[in-house]
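Visitor: This is query18.txt, which holds compact mmCIF, C-alpha atoms:
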# COMPACT_ATOMS: atom_id res chain seq x y z
CA MET A 739 -7.28 -24.30 4.40
CA ALA A 740 -8.84 -21.36 2.63
CA ASP A 741 -8.71 -21.00 -1.12
CA LYS A 742 -5.65 -19.22 -2.40
CA ILE A 743 -5.82 -16.13 -4.55
CA HIS A 744 -3.58 -15.48 -7.55
CA VAL A 745 -1.83 -12.10 -7.27
CA GLN A 746 0.40 -10.39 -9.83
CA SER A 747 2.70 -7.60 -8.80
CA ASN A 748 6.14 -6.21 -9.49
CA ILE A 749 8.62 -6.76 -6.68
CA ASN A 750 12.10 -5.23 -6.81
CA GLY A 751 11.76 -4.77 -10.56
CA TYR A 752 10.60 -8.30 -11.35
CA ASP A 753 7.07 -9.27 -12.36
CA VAL A 754 5.99 -11.77 -9.75
CA ASP A 755 3.00 -14.11 -9.57
CA PHE A 756 2.15 -15.60 -6.22
CA LEU A 757 -0.64 -17.41 -4.43
CA CYS A 758 -1.78 -16.30 -1.00
CA GLU A 759 -4.67 -16.58 1.40
CA SER A 760 -6.81 -13.47 1.78
CA ARG A 761 -5.82 -13.20 5.44
CA GLN A 762 -2.07 -13.18 4.80
CA SER A 763 -0.37 -9.82 5.21
CA LEU A 764 2.01 -8.56 2.55
CA LEU A 765 4.77 -9.06 5.13
CA GLU A 766 3.84 -12.72 5.51
CA VAL A 767 3.74 -13.12 1.74
CA LEU A 768 7.15 -11.51 1.31
CA ARG A 769 8.76 -13.57 4.04
CA ASP A 770 6.94 -16.90 3.93
CA VAL A 771 5.85 -17.22 0.30
CA LEU A 772 8.54 -15.32 -1.61
CA ASN A 773 11.45 -15.93 0.79
CA LEU A 774 12.27 -12.22 0.92
CA THR A 775 13.11 -12.27 4.61
CA GLY A 776 14.85 -8.89 4.74
CA SER A 777 11.65 -7.14 5.82
CA LYS A 778 11.25 -7.84 9.53
CA GLU A 779 8.26 -8.42 11.76
CA GLY A 780 8.58 -6.22 14.83
CA CYS A 781 5.25 -5.25 16.37
CA ASN A 782 2.97 -6.57 13.60
CA ASP A 783 0.55 -3.72 14.34
CA GLY A 784 1.83 -0.74 12.41
CA ASN A 785 3.88 0.97 15.11
CA CYS A 786 7.53 0.00 14.62
CA GLY A 787 8.25 0.28 10.90
CA ALA A 788 10.54 -2.80 10.75
CA CYS A 789 8.44 -4.16 7.88
CA THR A 790 8.58 -0.93 5.82
CA VAL A 791 8.58 -1.37 2.03
CA THR A 792 7.60 1.01 -0.74
CA MET A 793 4.39 0.47 -2.65
CA ASP A 794 4.06 2.55 -5.82
CA GLY A 795 6.79 4.83 -4.50
CA ARG A 796 5.38 5.44 -1.01
CA ILE A 797 6.65 3.92 2.21
CA VAL A 798 4.09 1.67 3.87
CA GLU A 799 4.10 -0.95 6.59
CA SER A 800 3.72 -4.36 4.97
CA CYS A 801 2.13 -5.79 8.14
CA CYS A 802 -0.83 -3.42 7.64
CA ILE A 803 -1.48 -4.48 4.03
CA LEU A 804 -2.92 -7.73 2.76
CA GLY A 805 -0.94 -9.69 0.22
CA VAL A 806 -3.96 -9.52 -2.11
CA GLU A 807 -3.76 -5.71 -2.01
CA ALA A 808 -0.40 -5.93 -3.80
CA GLU A 809 -2.25 -6.79 -7.04
CA GLY A 810 -0.89 -4.55 -9.81
CA LYS A 811 1.42 -2.68 -7.43
CA GLU A 812 5.14 -1.99 -7.59
CA ILE A 813 6.89 -2.99 -4.41
CA ILE A 814 10.47 -2.38 -3.35
CA THR A 815 11.85 -4.24 -0.32
CA ILE A 816 15.28 -3.98 1.30
CA GLU A 817 16.42 -6.67 -1.16
CA GLY A 818 15.82 -4.21 -4.00
CA VAL A 819 17.86 -1.34 -2.55
CA ALA A 820 21.44 -2.27 -3.54
CA SER A 821 22.49 -2.47 -7.17
CA ALA A 822 24.19 -5.61 -8.51
CA ASP A 823 27.73 -4.48 -7.67
CA SER A 824 27.42 -1.80 -5.00
CA LEU A 825 25.53 -0.80 -1.91
CA HIS A 826 23.12 2.11 -2.02
CA PRO A 827 24.58 5.28 -0.42
CA VAL A 828 22.17 4.90 2.50
CA GLN A 829 23.39 1.35 3.14
CA GLN A 830 27.02 2.44 2.82
CA ALA A 831 26.48 5.30 5.26
CA PHE A 832 24.80 2.99 7.80
CA LEU A 833 27.90 0.78 7.69
CA GLU A 834 30.37 3.65 7.92
CA GLU A 835 28.51 5.40 10.75
CA ALA A 836 27.79 2.11 12.59
CA ALA A 837 24.11 3.07 12.57
CA LEU A 838 22.91 -0.31 13.76
CA GLN A 839 23.35 -2.73 16.60
CA CYS A 840 20.98 -5.70 16.58
CA GLY A 841 19.91 -4.88 13.02
CA ILE A 842 16.23 -5.82 13.19
CA CYS A 843 15.03 -2.27 12.53
CA THR A 844 17.69 -1.57 9.89
CA PRO A 845 15.91 -2.76 6.72
CA GLY A 846 12.91 -0.58 7.57
CA PHE A 847 15.10 2.43 8.36
CA ILE A 848 17.02 2.07 5.11
CA VAL A 849 13.88 1.76 2.96
CA SER A 850 12.34 4.80 4.71
CA ALA A 851 15.50 6.92 4.57
CA LYS A 852 16.15 6.12 0.89
CA ASN A 853 12.60 7.15 0.03
CA LEU A 854 13.02 10.46 1.90
CA LEU A 855 16.35 11.29 0.23
CA GLU A 856 14.97 10.47 -3.21
CA ARG A 857 12.21 13.02 -2.57
CA GLU A 858 14.22 15.51 -0.55
CA PRO A 859 17.98 15.08 -0.91
CA ASP A 860 18.44 18.27 1.16
CA ALA A 861 16.47 16.93 4.14
CA ASP A 862 17.92 18.37 7.36
CA GLU A 863 18.13 16.70 10.76
CA GLU A 864 14.68 17.82 11.86
CA ARG A 865 13.09 16.59 8.65
CA ILE A 866 14.93 13.27 8.88
CA ARG A 867 13.84 12.74 12.48
CA PHE A 868 10.23 13.57 11.58
CA TRP A 869 10.23 11.28 8.53
CA LEU A 870 11.76 8.39 10.48
CA ALA A 871 9.38 8.75 13.45
CA GLY A 872 7.50 5.70 12.18
CA ASN A 873 10.64 3.55 12.50
CA LEU A 874 11.57 2.49 16.01
CA CYS A 875 15.06 1.47 17.14
CA ARG A 876 15.65 0.20 20.67
CA CYS A 877 19.45 -0.04 20.43
CA THR A 878 21.11 3.00 18.93
CA GLY A 879 19.31 5.97 20.43
CA TYR A 880 18.81 7.18 16.82
CA ASP A 881 21.78 9.55 16.77
CA LYS A 882 23.99 7.40 14.57
CA ILE A 883 21.05 6.64 12.30
CA VAL A 884 20.35 10.32 11.76
CA ARG A 885 24.05 10.99 11.13
CA ALA A 886 24.13 8.18 8.57
CA VAL A 887 21.11 9.57 6.72
CA LEU A 888 22.64 13.06 6.69
CA LYS A 889 25.83 11.58 5.26
CA ALA A 890 23.95 9.59 2.63
CA GLY A 891 22.15 12.79 1.65
CA GLU A 892 25.49 14.50 1.05
CA VAL A 893 26.66 11.60 -1.13
CA MET A 894 23.40 11.54 -3.09
CA ARG A 895 23.49 15.32 -3.68
CA LYS A 896 26.95 14.98 -5.21
CA GLY A 897 25.51 12.25 -7.43
CA MET B 322 -5.32 -13.90 11.31
CA GLN B 323 -8.86 -15.30 11.04
CA GLU B 324 -10.06 -16.51 7.66
CA PHE B 325 -12.35 -14.31 5.62
CA GLU B 326 -13.40 -13.79 2.03
CA TYR B 327 -11.72 -10.81 0.33
CA VAL B 328 -13.66 -8.93 -2.34
CA ALA B 329 -12.76 -5.74 -4.20
CA PRO B 330 -15.87 -4.39 -5.95
CA THR B 331 -15.54 -1.65 -8.56
CA SER B 332 -18.99 -0.09 -8.11
CA LEU B 333 -20.75 1.39 -5.11
CA GLU B 334 -23.84 -0.66 -5.88
CA ASP B 335 -21.87 -3.92 -5.76
CA ALA B 336 -20.08 -2.85 -2.58
CA VAL B 337 -23.35 -2.15 -0.77
CA LYS B 338 -24.75 -5.49 -1.94
CA LEU B 339 -21.63 -7.34 -0.78
CA MET B 340 -21.76 -5.58 2.61
CA ALA B 341 -25.52 -6.10 3.06
CA GLU B 342 -25.39 -9.83 2.25
CA LYS B 343 -23.18 -10.45 5.28
CA GLY B 344 -24.67 -7.87 7.66
CA PRO B 345 -22.50 -7.54 10.80
CA LYS B 346 -20.17 -10.21 9.40
CA ALA B 347 -18.85 -7.81 6.74
CA LYS B 348 -16.37 -4.98 7.24
CA ALA B 349 -15.01 -2.40 4.83
CA LEU B 350 -11.27 -2.16 4.11
CA ALA B 351 -9.79 1.19 3.08
CA GLY B 352 -6.27 1.95 4.34
CA GLY B 353 -6.30 -1.07 6.62
CA THR B 354 -4.16 0.49 9.34
CA ASP B 355 -6.90 -0.01 11.93
CA ILE B 356 -9.14 -2.80 10.60
CA LEU B 357 -6.36 -5.30 9.82
CA ILE B 358 -4.88 -4.87 13.30
CA GLN B 359 -8.35 -5.30 14.84
CA LEU B 360 -9.01 -8.45 12.81
CA ARG B 361 -5.63 -9.85 13.81
CA GLY B 362 -6.45 -9.06 17.44
CA GLY B 363 -9.84 -10.78 17.20
CA ARG B 364 -11.93 -7.68 17.90
CA TYR B 365 -14.35 -8.66 15.13
CA GLN B 366 -15.25 -12.05 13.69
CA ILE B 367 -16.10 -11.51 10.06
CA ASP B 368 -16.92 -13.58 6.98
CA ARG B 369 -16.12 -10.96 4.35
CA LEU B 370 -13.76 -8.02 3.97
CA VAL B 371 -14.88 -5.54 1.32
CA ASP B 372 -11.96 -3.58 -0.15
CA VAL B 373 -13.45 -0.19 -1.06
CA LYS B 374 -10.40 1.27 -2.79
CA ASN B 375 -11.56 0.50 -6.35
CA ILE B 376 -14.89 2.34 -6.10
CA PRO B 377 -14.91 5.66 -8.02
CA GLU B 378 -17.19 7.52 -5.57
CA LEU B 379 -14.88 6.64 -2.70
CA ASN B 380 -11.85 7.97 -4.58
CA GLN B 381 -13.32 11.42 -5.20
CA PHE B 382 -10.99 14.16 -4.11
CA SER B 383 -11.74 17.74 -5.07
CA CYS B 384 -11.10 21.08 -3.47
CA SER B 385 -12.21 24.51 -4.64
CA GLN B 386 -13.34 27.87 -3.36
CA SER B 387 -16.77 27.41 -4.95
CA ASP B 388 -17.58 23.76 -4.17
CA GLY B 389 -15.69 23.06 -0.96
CA LEU B 390 -13.67 19.97 -0.16
CA THR B 391 -14.83 16.44 -0.97
CA ILE B 392 -12.76 13.62 0.50
CA GLY B 393 -13.77 10.15 -0.70
CA ALA B 394 -13.58 7.51 2.00
CA SER B 395 -10.62 5.82 0.28
CA VAL B 396 -8.49 8.97 -0.03
CA GLN B 397 -5.25 8.68 1.93
CA ASN B 398 -3.98 11.30 4.37
CA TYR B 399 -0.94 12.23 2.27
CA LYS B 400 -3.17 13.38 -0.58
CA ILE B 401 -4.82 15.86 1.79
CA TYR B 402 -1.65 17.51 3.05
CA GLU B 403 0.18 17.42 -0.28
CA SER B 404 -2.64 19.24 -2.09
CA SER B 405 -1.81 22.91 -2.60
CA GLU B 406 -5.53 23.76 -2.76
CA VAL B 407 -6.20 22.08 0.59
CA GLN B 408 -3.16 23.86 2.05
CA ARG B 409 -4.61 27.17 0.85
CA LEU B 410 -8.28 26.69 1.74
CA TYR B 411 -8.38 24.09 4.55
CA PRO B 412 -5.11 24.37 6.50
CA ALA B 413 -6.77 22.74 9.54
CA MET B 414 -7.14 19.54 7.49
CA VAL B 415 -3.40 19.71 6.78
CA ASP B 416 -2.76 20.21 10.53
CA CYS B 417 -4.51 16.95 11.39
CA ALA B 418 -3.89 14.75 8.32
CA SER B 419 -0.13 15.26 8.67
CA LEU B 420 -0.22 14.10 12.32
CA VAL B 421 -2.03 10.77 11.89
CA GLY B 422 0.53 8.03 12.57
CA GLY B 423 3.89 8.26 10.83
CA ILE B 424 4.71 8.68 7.15
CA GLN B 425 4.05 4.97 6.51
CA VAL B 426 0.56 5.16 8.01
CA GLN B 427 -0.20 8.40 6.16
CA GLY B 428 0.57 6.58 2.90
CA ARG B 429 -2.31 4.16 3.52
CA ALA B 430 -4.68 5.47 6.18
CA THR B 431 -7.72 7.48 5.08
CA VAL B 432 -9.71 10.30 6.65
CA GLY B 433 -12.87 8.26 6.07
CA GLY B 434 -11.35 5.31 7.89
CA ASN B 435 -10.30 7.54 10.78
CA LEU B 436 -13.92 8.68 11.10
CA CYS B 437 -15.42 5.17 10.77
CA ASN B 438 -12.96 3.80 13.33
CA ALA B 439 -14.59 6.27 15.73
CA ALA B 440 -11.71 6.40 18.19
CA PRO B 441 -12.21 9.08 20.87
CA SER B 442 -8.70 10.23 19.89
CA GLY B 443 -9.26 10.17 16.10
CA ASP B 444 -7.11 13.08 14.97
CA THR B 445 -9.08 14.13 11.89
CA ILE B 446 -12.48 14.13 13.62
CA PRO B 447 -12.27 17.42 15.62
CA THR B 448 -11.32 19.29 12.46
CA LEU B 449 -14.12 17.68 10.44
CA ILE B 450 -16.61 18.78 13.12
CA ALA B 451 -15.13 22.28 13.31
CA GLU B 452 -15.32 22.56 9.51
CA SER B 453 -19.02 21.52 9.52
CA ALA B 454 -18.34 18.42 7.42
CA GLN B 455 -21.17 16.13 6.35
CA ALA B 456 -20.73 12.38 6.04
CA LEU B 457 -22.32 10.87 2.92
CA ILE B 458 -23.44 7.29 3.56
CA ALA B 459 -24.64 4.71 1.02
CA GLY B 460 -26.65 1.65 1.95
CA PRO B 461 -29.30 -0.80 0.77
CA ASN B 462 -31.98 1.91 1.17
CA GLY B 463 -30.10 4.57 -0.78
CA GLN B 464 -27.95 7.45 0.37
CA ARG B 465 -28.16 9.69 3.41
CA THR B 466 -26.14 12.51 4.90
CA VAL B 467 -25.18 12.91 8.55
CA PRO B 468 -23.38 15.83 10.21
CA VAL B 469 -19.97 14.52 11.28
CA GLU B 470 -20.61 15.40 14.93
CA GLU B 471 -23.42 12.81 14.93
CA PHE B 472 -21.45 10.10 13.11
CA CYS B 473 -19.56 8.56 16.03
CA THR B 474 -21.81 7.06 18.72
CA GLY B 475 -19.27 5.56 21.13
CA PRO B 476 -15.70 4.29 21.28
CA GLY B 477 -15.28 2.32 18.02
CA ARG B 478 -18.98 2.69 17.22
CA ASN B 479 -20.59 4.74 14.48
CA GLN B 480 -23.86 5.51 12.73
CA LEU B 481 -23.37 2.95 9.95
CA ALA B 482 -26.07 0.27 9.87
CA ASP B 483 -25.43 -3.18 8.43
CA GLY B 484 -24.79 -2.91 4.71
CA GLU B 485 -23.93 0.79 4.87
CA LEU B 486 -20.66 2.38 3.74
CA LEU B 487 -19.17 5.82 4.20
CA VAL B 488 -18.83 7.31 0.70
CA SER B 489 -17.19 10.65 1.48
CA VAL B 490 -16.90 13.55 3.85
CA ASN B 491 -17.85 16.90 2.42
CA LEU B 492 -16.65 20.23 3.78
CA PRO B 493 -18.64 23.32 2.78
CA PRO B 494 -16.97 26.11 0.78
CA VAL B 495 -14.81 28.49 2.79
CA LYS B 496 -16.18 32.03 3.13
CA PRO B 497 -14.07 35.19 3.47
CA ASN B 498 -12.87 35.94 7.03
CA TYR B 499 -13.09 32.27 8.03
CA GLY B 500 -10.31 30.28 9.66
CA ALA B 501 -9.80 26.91 11.32
CA ALA B 502 -6.99 25.05 13.07
CA PHE B 503 -6.14 21.82 14.88
CA LEU B 504 -3.63 20.92 17.59
CA ARG B 505 -2.83 17.74 19.46
CA PHE B 506 -0.90 17.12 22.66
CA ILE B 507 1.29 14.00 22.88
CA PRO B 508 4.42 13.39 24.96
CA ARG B 509 6.65 13.10 21.86
CA ASN B 510 6.44 15.12 18.68
CA GLU B 511 4.87 12.51 16.42
CA MET B 512 3.59 8.92 16.16
CA ASP B 513 1.47 8.82 19.29
CA ILE B 514 -2.19 8.81 20.25
CA ALA B 515 -3.58 12.10 21.52
CA VAL B 516 -3.66 12.76 25.26
CA ALA B 517 -6.03 15.51 24.13
CA ASN B 518 -6.69 17.27 20.83
CA CYS B 519 -8.77 20.19 19.61
CA GLY B 520 -10.11 21.54 16.34
CA ALA B 521 -11.86 24.87 15.96
CA SER B 522 -13.19 27.21 13.31
CA VAL B 523 -14.24 30.86 13.48
CA GLN B 524 -16.21 33.04 11.11
CA LEU B 525 -15.36 36.71 11.63
CA ASP B 526 -17.47 39.67 10.47
CA GLU B 527 -16.26 42.04 7.77
CA SER B 528 -14.45 44.24 10.29
CA ARG B 529 -12.60 41.10 11.44
CA GLN B 530 -13.08 42.29 15.02
CA LYS B 531 -16.15 40.25 15.94
CA ILE B 532 -16.83 36.53 15.78
CA VAL B 533 -20.04 35.68 13.91
CA SER B 534 -19.94 31.97 14.69
CA ALA B 535 -17.49 29.33 15.87
CA LYS B 536 -17.22 25.56 16.25
CA ILE B 537 -14.98 23.82 18.75
CA ALA B 538 -14.47 20.06 19.07
CA ILE B 539 -12.22 18.20 21.51
CA GLY B 540 -10.89 14.65 21.39
CA SER B 541 -9.49 12.00 23.76
CA VAL B 542 -11.51 13.49 26.59
CA GLY B 543 -14.74 11.48 26.33
CA PRO B 544 -16.26 8.38 24.70
CA THR B 545 -16.35 10.16 21.33
CA VAL B 546 -14.89 13.38 19.98
CA ILE B 547 -17.04 16.04 21.66
CA TYR B 548 -18.62 18.96 19.82
CA CYS B 549 -18.52 21.73 22.47
CA ILE B 550 -21.81 23.47 21.77
CA GLU B 551 -21.77 25.90 24.71
CA ALA B 552 -18.17 26.89 24.13
CA SER B 553 -18.90 27.37 20.41
CA ASN B 554 -22.05 29.42 21.07
CA SER B 555 -20.24 31.58 23.64
CA LEU B 556 -18.19 32.99 20.78
CA ALA B 557 -21.14 33.95 18.54
CA GLY B 558 -21.30 37.75 18.54
CA ALA B 559 -18.25 38.02 20.81
CA ASP B 560 -15.23 40.21 20.22
CA ALA B 561 -12.31 38.34 18.66
CA ASN B 562 -10.06 38.91 21.67
CA GLU B 563 -8.35 37.10 24.54
CA ALA B 564 -11.29 37.49 26.95
CA SER B 565 -13.61 35.68 24.54
CA ILE B 566 -11.01 33.00 23.92
CA GLU B 567 -10.52 32.48 27.68
CA ALA B 568 -14.27 32.15 28.23
CA ALA B 569 -14.66 29.65 25.37
CA ALA B 570 -11.73 27.58 26.65
CA ALA B 571 -13.30 27.44 30.12
CA ALA B 572 -16.59 26.29 28.59
CA ALA B 573 -14.76 23.63 26.53
CA GLN B 574 -13.13 22.35 29.74
CA LYS B 575 -16.62 21.90 31.23
CA ALA B 576 -17.66 19.81 28.20
CA ALA B 577 -14.75 17.39 28.67
CA SER B 578 -15.37 14.12 30.51
CA PRO B 579 -12.02 12.32 30.34
CA ILE B 580 -10.80 9.16 32.05
CA ASN B 581 -7.49 8.33 33.72
CA ASP B 582 -5.38 5.99 31.61
CA MET B 583 -1.76 5.30 30.68
CA ARG B 584 -1.70 8.41 28.48
CA GLY B 585 -2.89 10.96 31.02
CA THR B 586 -4.97 11.78 34.05
CA VAL B 587 -8.38 13.42 34.19
CA GLU B 588 -6.80 16.54 35.67
CA GLN B 589 -4.07 16.79 33.03
CA ARG B 590 -6.53 16.26 30.19
CA ILE B 591 -8.90 18.96 31.41
CA HIS B 592 -5.94 21.30 31.75
CA LEU B 593 -4.84 20.41 28.20
CA VAL B 594 -8.31 21.11 26.79
CA GLY B 595 -8.04 24.66 28.14
CA VAL B 596 -4.56 25.22 26.73
CA LEU B 597 -5.28 23.63 23.34
CA THR B 598 -8.62 25.40 22.88
CA LYS B 599 -7.00 28.78 23.48
CA ARG B 600 -4.09 28.08 21.14
CA VAL B 601 -6.32 26.66 18.41
CA LEU B 602 -8.71 29.62 18.58
CA ARG B 603 -5.80 32.06 18.33
CA ILE B 604 -4.52 30.30 15.20
CA ALA B 605 -8.03 30.07 13.69
CA ILE B 606 -8.64 33.80 14.27
CA SER B 607 -5.27 34.70 12.83
CA ARG B 608 -5.99 32.57 9.75
CA ALA B 609 -9.44 34.18 9.43
CA LYS B 610 -7.72 37.56 9.38
CA GLY B 611 -5.45 36.32 6.62
CA GLU B 612 -2.36 36.79 8.79
Would you mind writing the file out in structure tokens?

Guide:
Amino acid sequence: MADKIHVQSNINGYDVDFLCESRQSLLEVLRDVLNLTGSKEGCNDGNCGACTVTMDGRIVESCCILGVEAEGKEIITIEGVASADSLHPVQQAFLEEAALQCGICTPGFIVSAKNLLEREPDADEERIRFWLAGNLCRCTGYDKIVRAVLKAGEVMRKG
Amino acid sequence: MQEFEYVAPTSLEDAVKLMAEKGPKAKALAGGTDILIQLRGGRYQIDRLVDVKNIPELNQFSCSQSDGLTIGASVQNYKIYESSEVQRLYPAMVDCASLVGGIQVQGRATVGGNLCNAAPSGDTIPTLIAESAQALIAGPNGQRTVPVEEFCTGPGRNQLADGELLVSVNLPPVKPNYGAAFLRFIPRNEMDIAVANCGASVQLDESRQKIVSAKIAIGSVGPTVIYCIEASNSLAGADANEASIEAAAAAAQKAASPINDMRGTVEQRIHLVGVLTKRVLRIAISRAKGE
């Protein structure tokens, strides 16, 4: 067993200390060390987006980042999206529009879509489809996902 | 994933030392979107991974009319296409940096890493060649500069010797009546590897009717991105019109040596080189004219 490295980062608003091996991905750290199992492993090679989290405000694939690279970074996972008493508008819209079937891709889609709407609440269908191109869904055919993100945008614009 | 030692030096000198100590058993880590997948897949067996993101020289990012564009090897793609100065002076870099992977990959992946990965399909490489970029390399024997078209030596292979690191790519200042562009063909609109791609630049004369010089590079149609010397030279002194563009595209097609694979056939790729070269040259000329 390799030596473990001490890493300090902020995850979903909490300062977190953890130990990990240099070879562990951030996704493995989130799931296996910190028990944040909302982020999913799909392809594990940066193609499917199921493991999407934000790092310092940018969406990234946690399978393509080492846990040690999270040192000093702010990370938001799907577990940090809802507030204590209510779902985020993107989550609510996914439920209302039935924008999921098996659900494996959903955490990644929600993290990506929330990040887009925070930057560009007016994002139109083309922009949404372009932004979400790094998230793959094999069930829905994307249409309901896009509709849900458009709806969440409307809600977020109204504040 | 295999075990390795992770180090994150904060000076170029330390980074070179850490790389050199392990020779071929050390690899550099910038964005990680290629190297971590390759390590997981067992393509390399290494002892040490050197994270280069905390080294000041590799984080340089400056763009101006007088000094050109400097992209440190740790600078992510999104910084390129979000920069208003790059958008104004080097739109061809925006064309390619905004097409590498999806938004997630663009948040991590770097232009320097795309070059070092030396994929025949590397989307930023044709533009770097067309823009006459120079690669600045640091190693145990000091620093050296290599024209980008000489940097990649084969699929996944590059000029870097053991202990050497890419520091930055440097694009010369843009002159008046100059334009460049990049296009890629893939079956969907985003998130795929090029079936073929093309970057080109043109320098027009003051009348904007004649081409003084041009550079064309094509990707995914050979073992490395190919700098099309004959096609580029065919445009020197030529009129900036369709006949010249057609002739250059035909010459670029001759320079292509593609293979058949799951992404496309030899025939389709050679066809695409013709189409892309023409389209890219039209955009480059129109940008050179300030249209």

Visitor: Determine which residues of chain B sit within 10 Å of chain A, taking into account all atoms listed in the file, and present them as an MDAnalysis selection string.

Guide: chainID B and resid 322:329 352:362 369:370 372 374 399 422:430 509:513

Visitor: Using all atoms listed in the file, which protein or nucleic acid residues come within 9 Å of segment 819-824 of chain A? Drop anything in the same chain fewer than 3 positions from it, and give the result as a CSV table (one decimal) with C-alpha atoms, keeping the file's coordinate frame.

Guide:
chain,number,residue,atom,x,y,z
A,750,ASN,CA,12.1,-5.2,-6.8
A,814,ILE,CA,10.5,-2.4,-3.4
A,815,THR,CA,11.8,-4.2,-0.3
A,816,ILE,CA,15.3,-4.0,1.3
A,827,PRO,CA,24.6,5.3,-0.4
A,829,GLN,CA,23.4,1.4,3.1
A,830,GLN,CA,27.0,2.4,2.8
A,848,ILE,CA,17.0,2.1,5.1
A,849,VAL,CA,13.9,1.8,3.0
A,852,LYS,CA,16.2,6.1,0.9

Visitor: Around (-8.7, 20.1, 9.3) in the file's own coordinates, what residues are found within 9 Å if you use all atoms listed in the file, given back as a VMD selection string?

Guide: chain B and resid 411 to 418 445 to 452 501 to 503 520 to 521

Visitor: Counting only C-alpha atoms, which of B:Lys610, B:Arg584, B:Arg600, B:Arg465 gets nearest to Lys496 of chain B?

Guide: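 That would be B:Lys610, the residue with the smallest distance to Lys496 of chain B.
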
Visitor: Please report the interatomic distance between atom CA of Ala557 of chain B and atom CA of Leu525 of chain B in Å with one decimal.

Guide: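 Atom CA of Leu525 of chain B lies 9.4 Å from atom CA of Ala557 of chain B.
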
Visitor: Enter the distance from atom CA of Ala861 of chain A to atom CA of Cys789 of chain A, in Å, rounded to one decimal.

Guide: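 About the pair atom CA of Ala861 of chain A and atom CA of Cys789 of chain A: they are 22.9 Å apart.
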
Visitor: Write out as a PyMOL selection string which residues come within 6 Å of segment 573-582 of chain B when counting all atoms listed in the file, dropping same-chain ones fewer than 3 positions away.

Guide: chain B and resi 542-543+549+552+570+585-587+591+594-595

Visitor: Restricted to C-alpha atoms, what would the selected residues look like written as a PDB file, in the frame of the given file?

Guide:
ATOM      1  CA  VAL B 542     -11.510  13.490  26.590  1.00  0.00           C
ATOM      2  CA  GLY B 543     -14.740  11.480  26.330  1.00  0.00           C
ATOM      3  CA  CYS B 549     -18.520  21.730  22.470  1.00  0.00           C
ATOM      4  CA  ALA B 552     -18.170  26.890  24.130  1.00  0.00           C
ATOM      5  CA  ALA B 570     -11.730  27.580  26.650  1.00  0.00           C
ATOM      6  CA  GLY B 585      -2.890  10.960  31.020  1.00  0.00           C
ATOM      7  CA  THR B 586      -4.970  11.780  34.050  1.00  0.00           C
ATOM      8  CA  VAL B 587      -8.380  13.420  34.190  1.00  0.00           C
ATOM      9  CA  ILE B 591      -8.900  18.960  31.410  1.00  0.00           C
ATOM     10  CA  VAL B 594      -8.310  21.110  26.790  1.00  0.00           C
ATOM     11  CA  GLY B 595      -8.040  24.660  28.140  1.00  0.00           C
TER      12      GLY B 595
END

Visitor: Determine, counting all atoms listed in the file, which protein, DNA and RNA residues have an atom within 9 Å of an atom of segment 831-840 of chain A; residues of the same chain fewer than 5 positions away are not included. Present the result as a list of chain:residue names.

Guide: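 So the residues in contact are A:His826, A:Ile848, A:Cys875, A:Arg876, A:Cys877, A:Thr878, A:Tyr880, A:Asp881, A:Lys882, A:Ile883, A:Val884, A:Arg885, A:Ala886, A:Val887, A:Leu888, A:Lys889, A:Ala890, A:Val893.
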
Visitor: Report, in Å to a single decimal, how far apart atom CA of Pro461 of chain B and atom CA of Glu334 of chain B are.

Guide: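 Pair atom CA of Glu334 of chain B / atom CA of Pro461 of chain B returns 8.6 Å.
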
Visitor: Residues near Ala336 of chain B, anyone? I mean within 8 Å using all atoms listed in the file, not counting same-chain ones fewer than 5 positions away, as a VMD selection string.

Guide: chain B and resid 330 to 331 371 373

Visitor: Let me make sure I understand: among A:Val745, A:Leu874, A:Met894, A:Ile813, which one has the smallest atom-to-atom distance to Leu757 of chain A if we use only C-alpha atoms?

Guide: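 Counting only C-alpha atoms, the residue closest to Leu757 of chain A is A:Val745.
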
Visitor: At a cut-off of 8 Å, using only C-alpha atoms, what residues contact Ala605 of chain B? Leave out same-chain residues fewer than 2 positions from it and give the result as a PyMOL selection string.

Guide: chain B and resi 499-502+521-523+601-603+607-609

Visitor: Around segment 421-432 of chain B, fit a box with edges along x, y and z, padding it by 5 Å on each side, then list its centre and edge lengths in Å to one decimal as lines of an AutoDock Vina configuration file.

Guide:
center_x = -2.5
center_y = 7.5
center_z = 7.7
size_x = 24.4
size_y = 16.6
size_z = 19.7

Visitor: Mind listing whatever residues come within 10 Å of the point (9.2, -7.3, -8.3)? Use all atoms listed in the file, file coordinates, and give them as a compact mmCIF listing (two decimals) with C-alpha atoms, in the frame of the given file.

Guide:
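Result saved to part18.txt:
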# COMPACT_ATOMS: atom_id res chain seq x y z
CA GLN A 746 0.40 -10.39 -9.83
CA SER A 747 2.70 -7.60 -8.80
CA ASN A 748 6.14 -6.21 -9.49
CA ILE A 749 8.62 -6.76 -6.68
CA ASN A 750 12.10 -5.23 -6.81
CA GLY A 751 11.76 -4.77 -10.56
CA TYR A 752 10.60 -8.30 -11.35
CA ASP A 753 7.07 -9.27 -12.36
CA VAL A 754 5.99 -11.77 -9.75
CA ASP A 755 3.00 -14.11 -9.57
CA LYS A 811 1.42 -2.68 -7.43
CA GLU A 812 5.14 -1.99 -7.59
CA ILE A 813 6.89 -2.99 -4.41
CA ILE A 814 10.47 -2.38 -3.35
CA THR A 815 11.85 -4.24 -0.32
CA GLY A 818 15.82 -4.21 -4.00
